[in-house]
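Engineer: I have a structure I would like to understand better, so I am pasting it below and will then ask my questions one at a time.
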Amino acid sequence: MKPENYAIDVFLGHDRFQQFMHCYQQNKVFKCQFDAAAAEILTPAELEEIINTRRLSFPRCRLVRSGKPLAPAEYNERSHSAMGEGIIKLIPQRVIQEIENGATLALDFAEDLSTTIRAVAESLSVFFQEKTGATVFFSVGDNKGFTTHWDNSDTLIFQLSGKKKWHLYEPDFAFPVAENKSAMSAPEGEPSESFILKENDFLYLPRGHWHAPEPCGSHSLHISFAFRRRNGIDFMKYLLPQLASQIAFRLDIDKTGNELTNHDYVSGLLLALEDIVSVENLESFIGFCGSRKFITDAVRFENIILNDK
């Protein structure tokens, strides 16, 4: 596929894309089969080449079993480069052994390791107007790498090769953020839905949706493209510099104050916020979000190479 064909609507096809967008806007799970060949994004052989030719250290490249990362010392070793520089490198035979024993290989920031993955991630970034990152997962056999969990991002899952079983649970906490994790416990009982993703299948999981991926007697290679939608917390962070223009926020807190003085102090803050938390500032924030750079400049040699005669 050419880079211009890495758009999500091309992968899904017109009808499935429309169905996906409806679910996206309703914050609902969506799954289907791709219309285009998503497997071309990354093959097992290409993943093998990345693992064997890059210096990938923990936690970017990690092995996970039963929801817990394996100790890096179990499959990494100290070594030296050709120039004598001290480096940390994977121990290939240990990586394979741990994967055969049920560990899942997870590789973050895969958009920096493959021009194809980067093209897909940047296409999604432009479409959703949110920076999108990619994580690759590889496993074999029947043992769980990850336990039931939820992600602090919307996730687009591309099953590239093999198959994997997924268990989904009904959300029990609306629009959670990372700060809510300590107050949330994994659901008990039977999942609300279980299914197997096969090669060229697609799954959309909204932020906060409990899920448990599970190997099912096959190898599995899938890639997750994740982005986080802006919310009210992000809006408030954007407004922080404006708080300095309000004397109510510059006033020192009287630590010896009584209930009345504390009430007056809080009232002053609320009045100042009424001026700052406005539709005008919200529209400014939305414009700021859309003005971010979503496509990385690439090094191109063709324009500087002289035509030797």
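Naming works like this for the structure tokens: A, B, ... for the chains as they're shown, residue 1 at the start of each chain, ligands 1 onward in shown order.
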Report as a tab-separated table (two decimals) with all heavy atoms, in the first residue's frame all protein, DNA and RNA residues lying within 12 Å of stretch 121-133 of chain A, evaluated on only C-alpha atoms, omitting residues in the same chain fewer than 6 positions from it.

Structural biologist:
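Final output, saved to selection.tsv:
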```tsv
chain	number	residue	atom	x	y	z
A	3	PRO	N	1.62	5.27	0.99
A	3	PRO	CA	1.34	6.05	2.21
A	3	PRO	C	-0.01	6.75	2.19
A	3	PRO	O	-0.67	6.86	3.21
A	3	PRO	CB	2.50	7.05	2.24
A	3	PRO	CG	3.62	6.34	1.55
A	3	PRO	CD	2.96	5.54	0.47
A	4	GLU	N	-0.43	7.24	1.02
A	4	GLU	CA	-1.71	7.94	0.96
A	4	GLU	C	-2.90	7.00	1.19
A	4	GLU	O	-4.03	7.45	1.37
A	4	GLU	CB	-1.86	8.66	-0.38
A	4	GLU	CG	-1.79	7.76	-1.60
A	4	GLU	CD	-0.39	7.66	-2.18
A	4	GLU	OE1	0.58	7.87	-1.43
A	4	GLU	OE2	-0.27	7.38	-3.38
A	5	ASN	N	-2.65	5.69	1.17
A	5	ASN	CA	-3.72	4.73	1.39
A	5	ASN	C	-3.76	4.20	2.81
A	5	ASN	O	-4.46	3.23	3.10
A	5	ASN	CB	-3.58	3.55	0.42
A	5	ASN	CG	-3.81	3.95	-1.03
A	5	ASN	OD1	-4.57	4.88	-1.30
A	5	ASN	ND2	-3.14	3.28	-1.95
A	6	TYR	N	-3.02	4.83	3.73
A	6	TYR	CA	-2.99	4.38	5.11
A	6	TYR	C	-4.08	5.03	5.96
A	6	TYR	O	-4.07	4.89	7.18
A	6	TYR	CB	-1.62	4.65	5.73
A	6	TYR	CG	-0.51	3.80	5.16
A	6	TYR	CD1	0.75	4.32	4.94
A	6	TYR	CD2	-0.73	2.46	4.85
A	6	TYR	CE1	1.78	3.54	4.43
A	6	TYR	CE2	0.28	1.67	4.33
A	6	TYR	CZ	1.53	2.22	4.12
A	6	TYR	OH	2.53	1.43	3.61
A	7	ALA	N	-4.99	5.73	5.35
A	7	ALA	CA	-6.08	6.38	6.09
A	7	ALA	C	-7.04	5.31	6.63
A	7	ALA	O	-7.25	4.27	6.01
A	7	ALA	CB	-6.82	7.36	5.20
A	8	ILE	N	-7.63	5.60	7.78
A	8	ILE	CA	-8.51	4.64	8.42
A	8	ILE	C	-9.72	4.30	7.55
A	8	ILE	O	-10.19	3.16	7.55
A	8	ILE	CB	-8.97	5.15	9.81
A	8	ILE	CG1	-9.77	4.10	10.55
A	8	ILE	CG2	-9.71	6.47	9.70
A	8	ILE	CD1	-9.01	2.85	10.91
A	9	ASP	N	-10.23	5.26	6.78
A	9	ASP	CA	-11.38	4.97	5.93
A	9	ASP	C	-11.01	4.04	4.78
A	9	ASP	O	-11.85	3.26	4.30
A	9	ASP	CB	-12.02	6.26	5.40
A	9	ASP	CG	-11.04	7.13	4.63
A	9	ASP	OD1	-9.84	7.07	4.93
A	9	ASP	OD2	-11.48	7.87	3.73
A	10	VAL	N	-9.75	4.08	4.34
A	10	VAL	CA	-9.29	3.17	3.29
A	10	VAL	C	-9.16	1.76	3.85
A	10	VAL	O	-9.58	0.78	3.23
A	10	VAL	CB	-7.95	3.64	2.71
A	10	VAL	CG1	-7.40	2.61	1.72
A	10	VAL	CG2	-8.11	4.99	2.03
A	11	PHE	N	-8.59	1.64	5.06
A	11	PHE	CA	-8.47	0.33	5.68
A	11	PHE	C	-9.83	-0.32	5.90
A	11	PHE	O	-10.00	-1.53	5.69
A	11	PHE	CB	-7.75	0.45	7.03
A	11	PHE	CG	-6.25	0.46	6.93
A	11	PHE	CD1	-5.53	1.57	7.34
A	11	PHE	CD2	-5.55	-0.63	6.43
A	11	PHE	CE1	-4.15	1.59	7.26
A	11	PHE	CE2	-4.17	-0.63	6.35
A	11	PHE	CZ	-3.47	0.49	6.76
A	21	MET	N	-17.28	5.22	12.83
A	21	MET	CA	-17.39	6.61	13.29
A	21	MET	C	-18.61	6.79	14.19
A	21	MET	O	-18.57	7.56	15.15
A	21	MET	CB	-17.47	7.55	12.10
A	21	MET	CG	-16.14	7.74	11.38
A	21	MET	SD	-14.80	8.27	12.49
A	21	MET	CE	-15.44	9.82	13.11
A	24	TYR	N	-17.50	5.42	17.45
A	24	TYR	CA	-16.50	6.32	18.03
A	24	TYR	C	-17.18	7.52	18.69
A	24	TYR	O	-16.83	7.90	19.82
A	24	TYR	CB	-15.54	6.77	16.93
A	24	TYR	CG	-14.59	7.86	17.33
A	24	TYR	CD1	-13.50	7.60	18.17
A	24	TYR	CD2	-14.76	9.17	16.87
A	24	TYR	CE1	-12.62	8.59	18.54
A	24	TYR	CE2	-13.88	10.18	17.24
A	24	TYR	CZ	-12.81	9.88	18.07
A	24	TYR	OH	-11.95	10.88	18.44
A	25	GLN	N	-18.14	8.09	18.01
A	25	GLN	CA	-18.84	9.25	18.55
A	25	GLN	C	-19.72	8.89	19.75
A	25	GLN	O	-19.96	9.72	20.62
A	25	GLN	CB	-19.69	9.90	17.44
A	25	GLN	CG	-18.84	10.54	16.36
A	25	GLN	CD	-19.59	10.77	15.06
A	25	GLN	OE1	-20.77	10.44	14.93
A	25	GLN	NE2	-18.91	11.34	14.08
A	41	ILE	N	1.25	-3.86	7.19
A	41	ILE	CA	1.84	-2.85	8.05
A	41	ILE	C	3.10	-3.38	8.72
A	41	ILE	O	4.12	-2.70	8.81
A	41	ILE	CB	0.83	-2.39	9.13
A	41	ILE	CG1	-0.36	-1.70	8.46
A	41	ILE	CG2	1.48	-1.46	10.14
A	41	ILE	CD1	-1.47	-1.35	9.43
A	107	LEU	N	6.34	-3.91	22.45
A	107	LEU	CA	7.32	-2.97	21.92
A	107	LEU	C	6.63	-1.62	21.70
A	107	LEU	O	5.80	-1.47	20.81
A	107	LEU	CB	7.90	-3.50	20.61
A	107	LEU	CG	8.95	-2.64	19.90
A	107	LEU	CD1	10.13	-2.36	20.83
A	107	LEU	CD2	9.41	-3.32	18.63
A	108	ASP	N	6.98	-0.64	22.54
A	108	ASP	CA	6.38	0.69	22.46
A	108	ASP	C	7.07	1.57	21.42
A	108	ASP	O	8.18	1.29	20.98
A	108	ASP	CB	6.47	1.39	23.83
A	108	ASP	CG	5.54	0.77	24.85
A	108	ASP	OD1	4.48	0.24	24.46
A	108	ASP	OD2	5.87	0.81	26.05
A	109	PHE	N	6.38	2.67	21.08
A	109	PHE	CA	6.92	3.67	20.15
A	109	PHE	C	7.37	3.02	18.84
A	109	PHE	O	8.40	3.39	18.27
A	109	PHE	CB	8.07	4.45	20.78
A	109	PHE	CG	7.77	4.98	22.15
A	109	PHE	CD1	8.48	4.52	23.25
A	109	PHE	CD2	6.75	5.89	22.35
A	109	PHE	CE1	8.19	5.00	24.52
A	109	PHE	CE2	6.45	6.37	23.63
A	109	PHE	CZ	7.17	5.92	24.71
A	110	ALA	N	6.56	2.08	18.37
A	110	ALA	CA	6.91	1.38	17.13
A	110	ALA	C	6.88	2.30	15.93
A	110	ALA	O	7.48	1.98	14.89
A	110	ALA	CB	5.95	0.20	16.91
A	111	GLU	N	6.21	3.45	16.06
A	111	GLU	CA	6.18	4.41	14.95
A	111	GLU	C	7.57	4.95	14.64
A	111	GLU	O	7.79	5.49	13.55
A	111	GLU	CB	5.20	5.55	15.25
A	111	GLU	CG	5.60	6.48	16.38
A	111	GLU	CD	5.16	5.98	17.75
A	111	GLU	OE1	4.77	4.80	17.87
A	111	GLU	OE2	5.22	6.79	18.70
A	112	ASP	N	8.51	4.82	15.59
A	112	ASP	CA	9.88	5.28	15.36
A	112	ASP	C	10.78	4.17	14.81
A	112	ASP	O	11.97	4.39	14.60
A	112	ASP	CB	10.49	5.81	16.66
A	112	ASP	CG	9.80	7.09	17.13
A	112	ASP	OD1	9.25	7.81	16.29
A	112	ASP	OD2	9.81	7.34	18.35
A	113	LEU	N	10.21	3.00	14.59
A	113	LEU	CA	11.00	1.86	14.15
A	113	LEU	C	10.64	1.39	12.74
A	113	LEU	O	11.32	0.51	12.20
A	113	LEU	CB	10.82	0.69	15.13
A	113	LEU	CG	11.24	0.97	16.57
A	113	LEU	CD1	10.80	-0.17	17.47
A	113	LEU	CD2	12.74	1.18	16.66
A	114	SER	N	9.61	1.96	12.17
A	114	SER	CA	9.14	1.52	10.85
A	114	SER	C	8.48	2.69	10.14
A	114	SER	O	7.61	3.36	10.71
A	114	SER	CB	8.13	0.37	11.01
A	114	SER	OG	7.32	0.21	9.87
A	115	THR	N	8.89	2.95	8.90
A	115	THR	CA	8.29	4.05	8.15
A	115	THR	C	6.82	3.76	7.85
A	115	THR	O	6.00	4.69	7.80
A	115	THR	CB	9.05	4.28	6.83
A	115	THR	OG1	9.13	3.05	6.10
A	115	THR	CG2	10.45	4.79	7.09
A	153	SER	N	-6.55	5.62	27.06
A	153	SER	CA	-6.52	6.13	25.69
A	153	SER	C	-7.53	5.35	24.86
A	153	SER	O	-7.93	4.24	25.20
A	153	SER	CB	-5.13	5.97	25.08
A	153	SER	OG	-4.74	4.60	25.08
A	154	ASP	N	-7.95	5.95	23.76
A	154	ASP	CA	-8.71	5.21	22.76
A	154	ASP	C	-7.72	4.36	21.99
A	154	ASP	O	-6.61	4.82	21.65
A	154	ASP	CB	-9.42	6.17	21.81
A	154	ASP	CG	-10.64	6.82	22.44
A	154	ASP	OD1	-10.55	7.28	23.59
A	154	ASP	OD2	-11.68	6.86	21.78
A	155	THR	N	-8.10	3.12	21.68
A	155	THR	CA	-7.15	2.20	21.07
A	155	THR	C	-7.75	1.55	19.82
A	155	THR	O	-8.87	1.04	19.85
A	155	THR	CB	-6.76	1.09	22.07
A	155	THR	OG1	-6.29	1.69	23.28
A	155	THR	CG2	-5.66	0.22	21.49
A	156	LEU	N	-6.98	1.59	18.74
A	156	LEU	CA	-7.34	0.93	17.49
A	156	LEU	C	-6.43	-0.28	17.35
A	156	LEU	O	-5.21	-0.13	17.23
A	156	LEU	CB	-7.17	1.87	16.30
A	156	LEU	CG	-7.84	3.24	16.39
A	156	LEU	CD1	-7.58	4.04	15.13
A	156	LEU	CD2	-9.33	3.11	16.63
A	157	ILE	N	-7.01	-1.46	17.37
A	157	ILE	CA	-6.23	-2.69	17.37
A	157	ILE	C	-6.28	-3.34	15.99
A	157	ILE	O	-7.37	-3.64	15.48
A	157	ILE	CB	-6.75	-3.66	18.45
A	157	ILE	CG1	-6.55	-3.02	19.83
A	157	ILE	CG2	-6.06	-5.02	18.36
A	157	ILE	CD1	-7.45	-3.56	20.89
A	158	PHE	N	-5.12	-3.53	15.39
A	158	PHE	CA	-5.00	-4.16	14.08
A	158	PHE	C	-4.39	-5.55	14.29
A	158	PHE	O	-3.23	-5.67	14.69
A	158	PHE	CB	-4.06	-3.37	13.16
A	158	PHE	CG	-4.56	-2.01	12.73
A	158	PHE	CD1	-5.23	-1.16	13.61
A	158	PHE	CD2	-4.32	-1.56	11.45
A	158	PHE	CE1	-5.67	0.10	13.21
A	158	PHE	CE2	-4.74	-0.31	11.03
A	158	PHE	CZ	-5.42	0.52	11.91
A	223	ILE	N	-0.99	-4.84	16.51
A	223	ILE	CA	-0.46	-3.52	16.81
A	223	ILE	C	-1.60	-2.64	17.29
A	223	ILE	O	-2.71	-2.69	16.75
A	223	ILE	CB	0.24	-2.92	15.56
A	223	ILE	CG1	0.93	-1.61	15.90
A	223	ILE	CG2	-0.72	-2.74	14.41
A	223	ILE	CD1	1.88	-1.13	14.81
A	224	SER	N	-1.34	-1.88	18.36
A	224	SER	CA	-2.34	-0.99	18.92
A	224	SER	C	-1.92	0.45	18.66
A	224	SER	O	-0.83	0.87	19.06
A	224	SER	CB	-2.48	-1.22	20.43
A	224	SER	OG	-3.00	-2.50	20.70
A	225	PHE	N	-2.79	1.19	18.00
A	225	PHE	CA	-2.57	2.61	17.79
A	225	PHE	C	-3.43	3.35	18.82
A	225	PHE	O	-4.65	3.20	18.84
A	225	PHE	CB	-2.98	3.03	16.38
A	225	PHE	CG	-2.08	2.46	15.30
A	225	PHE	CD1	-2.44	1.31	14.62
A	225	PHE	CD2	-0.88	3.08	14.99
A	225	PHE	CE1	-1.61	0.77	13.64
A	225	PHE	CE2	-0.05	2.54	14.00
A	225	PHE	CZ	-0.41	1.40	13.33
A	226	ALA	N	-2.78	4.11	19.68
A	226	ALA	CA	-3.48	4.72	20.81
A	226	ALA	C	-3.36	6.24	20.78
A	226	ALA	O	-2.30	6.80	20.48
A	226	ALA	CB	-2.94	4.18	22.13
A	227	PHE	N	-4.45	6.90	21.09
A	227	PHE	CA	-4.45	8.36	21.23
A	227	PHE	C	-5.40	8.73	22.36
A	227	PHE	O	-6.33	8.00	22.68
A	227	PHE	CB	-4.86	9.05	19.92
A	227	PHE	CG	-6.24	8.67	19.44
A	227	PHE	CD1	-7.36	9.37	19.86
A	227	PHE	CD2	-6.42	7.60	18.58
A	227	PHE	CE1	-8.64	9.03	19.42
A	227	PHE	CE2	-7.69	7.24	18.13
A	227	PHE	CZ	-8.80	7.95	18.55
A	228	ARG	N	-5.15	9.86	22.97
A	228	ARG	CA	-5.97	10.31	24.08
A	228	ARG	C	-6.71	11.57	23.69
A	228	ARG	O	-6.09	12.58	23.32
A	228	ARG	CB	-5.11	10.55	25.33
A	228	ARG	CG	-5.91	10.70	26.61
A	228	ARG	CD	-4.98	10.82	27.81
A	228	ARG	NE	-4.15	12.01	27.74
A	228	ARG	CZ	-4.56	13.23	28.08
A	228	ARG	NH1	-5.81	13.42	28.49
A	228	ARG	NH2	-3.74	14.25	28.00
A	229	ARG	N	-8.02	11.53	23.76
A	229	ARG	CA	-8.82	12.70	23.45
A	229	ARG	C	-8.67	13.77	24.54
A	229	ARG	O	-8.52	13.46	25.71
A	229	ARG	CB	-10.30	12.34	23.32
A	229	ARG	CG	-10.61	11.26	22.30
A	229	ARG	CD	-12.09	11.22	22.02
A	229	ARG	NE	-12.60	9.87	21.89
A	229	ARG	CZ	-13.85	9.57	21.56
A	229	ARG	NH1	-14.71	10.54	21.34
A	229	ARG	NH2	-14.24	8.31	21.47
A	230	ARG	N	-8.70	15.03	24.12
A	230	ARG	CA	-8.61	16.13	25.09
A	230	ARG	C	-9.88	16.16	25.94
A	230	ARG	O	-10.98	15.88	25.45
A	230	ARG	CB	-8.46	17.48	24.40
A	230	ARG	CG	-7.26	17.62	23.45
A	230	ARG	CD	-5.95	17.39	24.15
A	230	ARG	NE	-5.52	16.00	24.00
A	230	ARG	CZ	-4.44	15.50	24.55
A	230	ARG	NH1	-3.66	16.27	25.29
A	230	ARG	NH2	-4.11	14.24	24.38
A	231	ASN	N	-9.74	16.52	27.21
A	231	ASN	CA	-10.89	16.60	28.10
A	231	ASN	C	-10.81	17.85	28.96
A	231	ASN	O	-9.94	18.71	28.76
A	231	ASN	CB	-10.99	15.34	28.97
A	231	ASN	CG	-9.71	15.07	29.75
A	231	ASN	OD1	-9.04	15.99	30.22
A	231	ASN	ND2	-9.35	13.80	29.90
A	286	ILE	N	-9.46	24.53	21.52
A	286	ILE	CA	-9.72	23.60	20.41
A	286	ILE	C	-8.84	23.97	19.21
A	286	ILE	O	-8.26	23.10	18.55
A	286	ILE	CB	-11.21	23.62	20.03
A	286	ILE	CG1	-12.05	23.03	21.17
A	286	ILE	CG2	-11.44	22.83	18.74
A	286	ILE	CD1	-13.54	23.17	20.98
A	287	GLY	N	-8.72	25.27	18.95
A	287	GLY	CA	-7.87	25.72	17.86
A	287	GLY	C	-6.41	25.38	18.11
A	287	GLY	O	-5.69	24.97	17.20
A	288	PHE	N	-5.97	25.53	19.36
A	288	PHE	CA	-4.60	25.18	19.73
A	288	PHE	C	-4.33	23.70	19.50
A	288	PHE	O	-3.29	23.32	18.97
A	288	PHE	CB	-4.35	25.55	21.19
A	288	PHE	CG	-3.11	24.94	21.77
A	288	PHE	CD1	-1.86	25.46	21.47
A	288	PHE	CD2	-3.19	23.84	22.61
A	288	PHE	CE1	-0.71	24.88	22.00
A	288	PHE	CE2	-2.05	23.26	23.14
A	288	PHE	CZ	-0.81	23.79	22.83
A	289	CYS	N	-5.29	22.87	19.90
A	289	CYS	CA	-5.13	21.41	19.72
A	289	CYS	C	-4.98	21.06	18.24
A	289	CYS	O	-4.19	20.20	17.87
A	289	CYS	CB	-6.32	20.67	20.32
A	289	CYS	SG	-6.41	20.77	22.12
A	290	GLY	N	-5.76	21.75	17.39
A	290	GLY	CA	-5.71	21.46	15.96
A	290	GLY	C	-4.49	22.01	15.27
A	290	GLY	O	-4.17	21.60	14.15
A	291	SER	N	-3.80	22.94	15.91
A	291	SER	CA	-2.64	23.56	15.28
A	291	SER	C	-1.34	22.81	15.55
A	291	SER	O	-0.28	23.17	15.03
A	291	SER	CB	-2.48	25.00	15.79
A	291	SER	OG	-2.15	25.02	17.17
A	292	ARG	N	-1.43	21.75	16.37
A	292	ARG	CA	-0.23	20.99	16.67
A	292	ARG	C	0.29	20.26	15.42
A	292	ARG	O	-0.47	19.97	14.50
A	292	ARG	CB	-0.52	19.97	17.78
A	292	ARG	CG	-0.75	20.59	19.14
A	292	ARG	CD	-1.22	19.56	20.13
A	292	ARG	NE	-2.50	18.99	19.74
A	292	ARG	CZ	-3.01	17.88	20.26
A	292	ARG	NH1	-2.34	17.21	21.16
A	292	ARG	NH2	-4.18	17.44	19.87
A	293	LYS	N	1.55	19.95	15.42
A	293	LYS	CA	2.17	19.28	14.28
A	293	LYS	C	2.02	17.77	14.45
A	293	LYS	O	2.48	17.21	15.44
A	293	LYS	CB	3.64	19.65	14.18
A	293	LYS	CG	4.32	19.17	12.91
A	293	LYS	CD	5.74	19.70	12.84
A	293	LYS	CE	6.43	19.27	11.56
A	293	LYS	NZ	7.81	19.80	11.45
A	294	PHE	N	1.37	17.13	13.50
A	294	PHE	CA	1.11	15.70	13.60
A	294	PHE	C	1.97	14.86	12.67
A	294	PHE	O	1.99	13.63	12.78
A	294	PHE	CB	-0.37	15.41	13.31
A	294	PHE	CG	-1.31	16.04	14.30
A	294	PHE	CD1	-2.18	17.03	13.91
A	294	PHE	CD2	-1.31	15.64	15.62
A	294	PHE	CE1	-3.05	17.61	14.82
A	294	PHE	CE2	-2.18	16.21	16.54
A	294	PHE	CZ	-3.05	17.20	16.14
A	295	ILE	N	2.66	15.49	11.74
A	295	ILE	CA	3.50	14.75	10.79
A	295	ILE	C	4.95	15.16	11.00
A	295	ILE	O	5.28	16.35	10.99
A	295	ILE	CB	3.07	15.01	9.34
A	295	ILE	CG1	1.63	14.49	9.12
A	295	ILE	CG2	4.03	14.35	8.37
A	295	ILE	CD1	1.11	14.68	7.73
A	296	THR	N	5.80	14.19	11.21
A	296	THR	CA	7.21	14.43	11.47
A	296	THR	C	7.97	14.64	10.16
A	296	THR	O	7.78	13.90	9.19
A	296	THR	CB	7.83	13.23	12.21
A	296	THR	OG1	7.09	12.99	13.41
A	296	THR	CG2	9.28	13.50	12.56
A	297	ASP	N	8.80	15.67	10.14
A	297	ASP	CA	9.63	15.89	8.96
A	297	ASP	C	10.60	14.72	8.81
A	297	ASP	O	11.20	14.25	9.78
A	297	ASP	CB	10.42	17.19	9.10
A	297	ASP	CG	9.51	18.41	9.07
A	297	ASP	OD1	8.45	18.32	8.43
A	297	ASP	OD2	9.86	19.43	9.69
```

Engineer: Please provide the set of residues having any atom within 12 Å of stretch 47-60 of chain A, restricted to only C-alpha atoms, with same-chain residues fewer than 5 positions apart removed, written as JSON, numbers by chain.

Structural biologist: {"A": [40, 41, 42, 69, 70, 71, 72, 73, 74, 75, 76, 77, 78, 79, 80, 81, 86, 87, 88, 89, 90, 91, 92, 93, 95, 96, 105, 106, 107, 108, 109, 110, 111, 112, 113, 114, 115, 117, 134, 135, 136, 137, 138, 160, 161, 221, 222, 223]}

Engineer: Any chance you could export the current selection's N, CA and C atoms as a compact mmCIF listing (two decimals), in the first residue's frame?

Structural biologist:
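After the write, out15.txt holds the following:
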```txt
# COMPACT_ATOMS: atom_id res chain seq x y z
N GLU A 40 0.05 -5.92 5.91
CA GLU A 40 1.23 -5.36 5.27
C GLU A 40 1.92 -4.31 6.14
N ILE A 41 1.25 -3.86 7.19
CA ILE A 41 1.84 -2.85 8.05
C ILE A 41 3.10 -3.38 8.72
N LEU A 42 3.03 -4.62 9.21
CA LEU A 42 4.19 -5.24 9.86
C LEU A 42 4.02 -6.75 9.82
N PRO A 69 5.49 -7.31 34.25
CA PRO A 69 6.71 -7.34 33.44
C PRO A 69 7.74 -8.28 34.05
N LEU A 70 8.42 -9.03 33.22
CA LEU A 70 9.52 -9.86 33.69
C LEU A 70 10.70 -8.98 34.04
N ALA A 71 11.50 -9.40 34.99
CA ALA A 71 12.69 -8.64 35.37
C ALA A 71 13.59 -8.50 34.14
N PRO A 72 13.98 -7.28 33.78
CA PRO A 72 14.82 -7.08 32.59
C PRO A 72 16.09 -7.92 32.58
N ALA A 73 16.65 -8.18 33.78
CA ALA A 73 17.89 -8.96 33.85
C ALA A 73 17.71 -10.38 33.36
N GLU A 74 16.44 -10.82 33.26
CA GLU A 74 16.17 -12.18 32.81
C GLU A 74 16.42 -12.35 31.31
N TYR A 75 16.38 -11.25 30.56
CA TYR A 75 16.52 -11.39 29.11
C TYR A 75 17.34 -10.25 28.49
N ASN A 76 18.02 -9.46 29.32
CA ASN A 76 18.93 -8.43 28.85
C ASN A 76 20.31 -8.67 29.44
N GLU A 77 21.32 -8.21 28.74
CA GLU A 77 22.68 -8.34 29.26
C GLU A 77 23.50 -7.11 28.92
N ARG A 78 24.48 -6.85 29.76
CA ARG A 78 25.41 -5.77 29.49
C ARG A 78 26.44 -6.25 28.46
N SER A 79 26.70 -5.38 27.50
CA SER A 79 27.64 -5.75 26.45
C SER A 79 28.39 -4.50 26.01
N HIS A 80 29.12 -4.59 24.91
CA HIS A 80 29.87 -3.46 24.38
C HIS A 80 29.65 -3.37 22.88
N SER A 81 29.61 -2.14 22.41
CA SER A 81 29.51 -1.92 20.97
C SER A 81 30.86 -2.18 20.32
N GLY A 86 29.64 0.89 26.41
CA GLY A 86 28.79 0.01 27.19
C GLY A 86 27.35 0.11 26.76
N ILE A 87 26.72 -1.02 26.49
CA ILE A 87 25.32 -1.04 26.04
C ILE A 87 24.56 -2.16 26.74
N ILE A 88 23.23 -2.06 26.69
CA ILE A 88 22.35 -3.12 27.15
C ILE A 88 21.70 -3.73 25.92
N LYS A 89 21.75 -5.04 25.80
CA LYS A 89 21.17 -5.69 24.62
C LYS A 89 20.35 -6.90 25.03
N LEU A 90 19.39 -7.24 24.17
CA LEU A 90 18.56 -8.41 24.40
C LEU A 90 19.39 -9.68 24.24
N ILE A 91 19.02 -10.71 25.00
CA ILE A 91 19.61 -12.04 24.84
C ILE A 91 18.62 -12.86 24.00
N PRO A 92 18.87 -13.02 22.71
CA PRO A 92 17.88 -13.64 21.81
C PRO A 92 17.31 -14.95 22.30
N GLN A 93 18.16 -15.87 22.75
CA GLN A 93 17.66 -17.18 23.17
C GLN A 93 16.77 -17.08 24.40
N VAL A 95 14.87 -14.38 25.13
CA VAL A 95 13.63 -13.78 24.66
C VAL A 95 12.71 -14.86 24.09
N ILE A 96 13.27 -15.71 23.23
CA ILE A 96 12.49 -16.77 22.61
C ILE A 96 11.99 -17.75 23.68
N LEU A 105 5.64 -10.35 24.14
CA LEU A 105 6.59 -9.30 23.81
C LEU A 105 5.81 -8.04 23.48
N ALA A 106 6.13 -6.94 24.17
CA ALA A 106 5.50 -5.65 23.90
C ALA A 106 6.58 -4.65 23.51
N LEU A 107 6.34 -3.91 22.45
CA LEU A 107 7.32 -2.97 21.92
C LEU A 107 6.63 -1.62 21.70
N ASP A 108 6.98 -0.64 22.54
CA ASP A 108 6.38 0.69 22.46
C ASP A 108 7.07 1.57 21.42
N PHE A 109 6.38 2.67 21.08
CA PHE A 109 6.92 3.67 20.15
C PHE A 109 7.37 3.02 18.84
N ALA A 110 6.56 2.08 18.37
CA ALA A 110 6.91 1.38 17.13
C ALA A 110 6.88 2.30 15.93
N GLU A 111 6.21 3.45 16.06
CA GLU A 111 6.18 4.41 14.95
C GLU A 111 7.57 4.95 14.64
N ASP A 112 8.51 4.82 15.59
CA ASP A 112 9.88 5.28 15.36
C ASP A 112 10.78 4.17 14.81
N LEU A 113 10.21 3.00 14.59
CA LEU A 113 11.00 1.86 14.15
C LEU A 113 10.64 1.39 12.74
N SER A 114 9.61 1.96 12.17
CA SER A 114 9.14 1.52 10.85
C SER A 114 8.48 2.69 10.14
N THR A 115 8.89 2.95 8.90
CA THR A 115 8.29 4.05 8.15
C THR A 115 6.82 3.76 7.85
N ILE A 117 4.69 1.93 9.82
CA ILE A 117 3.93 2.15 11.05
C ILE A 117 3.80 3.64 11.32
N ALA A 134 2.14 3.89 18.64
CA ALA A 134 1.91 2.49 18.27
C ALA A 134 2.71 1.56 19.17
N THR A 135 2.04 0.50 19.61
CA THR A 135 2.69 -0.56 20.40
C THR A 135 2.43 -1.90 19.72
N VAL A 136 3.48 -2.68 19.54
CA VAL A 136 3.39 -4.00 18.91
C VAL A 136 3.38 -5.07 19.99
N PHE A 137 2.54 -6.09 19.80
CA PHE A 137 2.45 -7.21 20.75
C PHE A 137 2.63 -8.52 19.98
N PHE A 138 3.47 -9.40 20.51
CA PHE A 138 3.67 -10.71 19.89
C PHE A 138 3.65 -11.78 20.97
N LEU A 160 -2.58 -8.31 12.88
CA LEU A 160 -1.75 -8.41 11.67
C LEU A 160 -1.49 -9.84 11.24
N SER A 161 -1.36 -10.74 12.22
CA SER A 161 -1.03 -12.12 11.91
C SER A 161 -1.48 -13.00 13.06
N LEU A 221 0.26 -11.58 16.34
CA LEU A 221 0.96 -10.32 16.15
C LEU A 221 -0.09 -9.25 15.91
N HIS A 222 -0.20 -8.33 16.86
CA HIS A 222 -1.12 -7.22 16.64
C HIS A 222 -0.46 -5.92 17.05
N ILE A 223 -0.99 -4.84 16.51
CA ILE A 223 -0.46 -3.52 16.81
C ILE A 223 -1.60 -2.64 17.29
```

Engineer: For A:Leu168, which residue among A:Met236, A:Leu12, A:Val29, A:Leu243 is the nearest when counting only C-alpha atoms?

Structural biologist: A:Val29

Engineer: Per DSSP on the backbone, what are the strand (DSSP E) residues of stretch 124-294 of chain A, as number ranges by chain?

Structural biologist: A: 133-139, 154-168, 193-198, 201-205, 211-214, 220-227

Engineer: Please report the interatomic distance between atom CA of A:Phe202 and atom CA of A:Leu63 in Å with one decimal.

Structural biologist: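 Computing the Euclidean distance for atom CA of A:Phe202 and atom CA of A:Leu63 yields 23.9 Å.
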